[in-house]
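Here is the structure we will look at, set down as structure tokens.
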Amino acid sequence: SLTPTMITAVHLIISLALTTLPSADAFATAGTSRASINENHPYAPAGSRMRNARTASSLTQLFDKPHSQNTVMTSESNIFYYITTGVGKTASTLVSVSFFIILAYQRDAVILTLWIGSILNAVLSKVFKKLLNHERPTALQNNDKVKLKPSDGGMPSSHAMSLAFIGTVICEGVVPMEYRPVAGLAMVTYSAIALRYRVRDHLHTLEQVAAGLVFGLGNALTWLKFGVGDSNAGPVLSWVQDHWVSAETGLFPYSALAIPIVVGILVVGSFERRIALRIKNRGKDE
């Protein structure tokens with residue numbers, strides 16, 4: 001079976017590797033360019049040269065458009081592009097809702113302790129951003145595809161921190177041992193695609209994503225060790241058992257789920273970022 005350290009190493013290596021993969025459109029563009037060169041060869045058939053002239057004209061029109069309007073060159077790259085975009089744009093909401101569903105379904109001290117850790121991890125990412133004060137990529141401001149442009153710092157990536165933390169603690173604290181390799185691989189793949197989107201669309205640099213993964217994984221292992229504890233005897237878990245769950249059923253009441261909803265909106269939903277952006281825009285209008 002995989003140990004937490006092994007899962008951590010695999011998570012970090014695969015996520016970083018997939019995040020740094022060049023875009024599929026770049027491969028398609030390069031392939032088209034090579035085909036154009038071959039067809040322009042003096043000994044190429046006249047029909048090929050005529051077709052290439054029309055292709056060159058189409059490519060000129062394509063790349064004269066703004067970057068945000070560029071069309072993906074092949075069906076394969078088109079599919080990969082939209083999968084990456086879809087996963088990246090919905091990652092925060094999907095992961096938060098999925099975690100809440102697990103929390104509502106399980107309602108025991110372990111999952112509640114893991115949720116508390118995820119909130120502290122999210123708050124810590126905002127603190128790190130303030131302390132490090134590292135700017136996001138300058139190309140973000142020219143990217144029309146990102147409508148709500150973050151105004152806070154980019155180091156570390158809070159998405160990377162949350163994905164690394166939640167993926168690790170759920171895999172180690174919730175998923176049965178026999179399913180952990182498969183669950184871990186699925187979480188790593190999903191995280192890699194989501195983080196690749198954030199690098200591709202200039203929401204973060206690769207260094208910011210890498211820092212987020214390292215911080216998130218480190219926090220997850222620390223929380224599992226000292227918060228949940230060996231044999232579920234950690235101080236935070238014990239406090240949750242004493243104050244939040246029923247001694248008879250071992251579950252917390254459904255009414256208590258209102259707290260994760262409110263806290264999730266305020267912390268995970270970047271509520272303060274949206275308020276700050278609205279105030280900034282209102283100041284410009286005035």
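We name chains A, B, ... following the order of the structure tokens; residues begin at 1 in each chain, and ligands are numbered from 1 as shown.
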Residues near Ala122 of chain A, anyone? I mean within 9 Å using only C-alpha atoms, not counting same-chain ones fewer than 3 positions away, as a ChimeraX atom specification. /A:117-119,125-127,158-159,161-162,267-268
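Considering the residues A:Ser191, A:Ser255, A:Ser238, A:Ser231 and counting only C-alpha atoms, Leu94 of chain A has its shortest atom-to-atom contact with A:Ser191.
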Can you tell me, as an MDAnalysis selection string, what residues are no more than 9 Å from Leu132 of chain A when counting only C-alpha atoms, ignoring any on the same chain fewer than 3 positions away? chainID A and resid 127:129 153:156
What's the 12 Å shell around Ala183 of chain A, counting only C-alpha atoms, without same-chain residues fewer than 2 positions away, as an NGL selection string? :A and (2 or 7 or 11 or 167-172 or 174-181 or 185-190)
So which residues of segment 67-232 of chain A fall under alpha helix (DSSP H) by DSSP, listed as an NGL selection string? :A and (75-106 or 109-132 or 158-173 or 180-200 or 206-222)
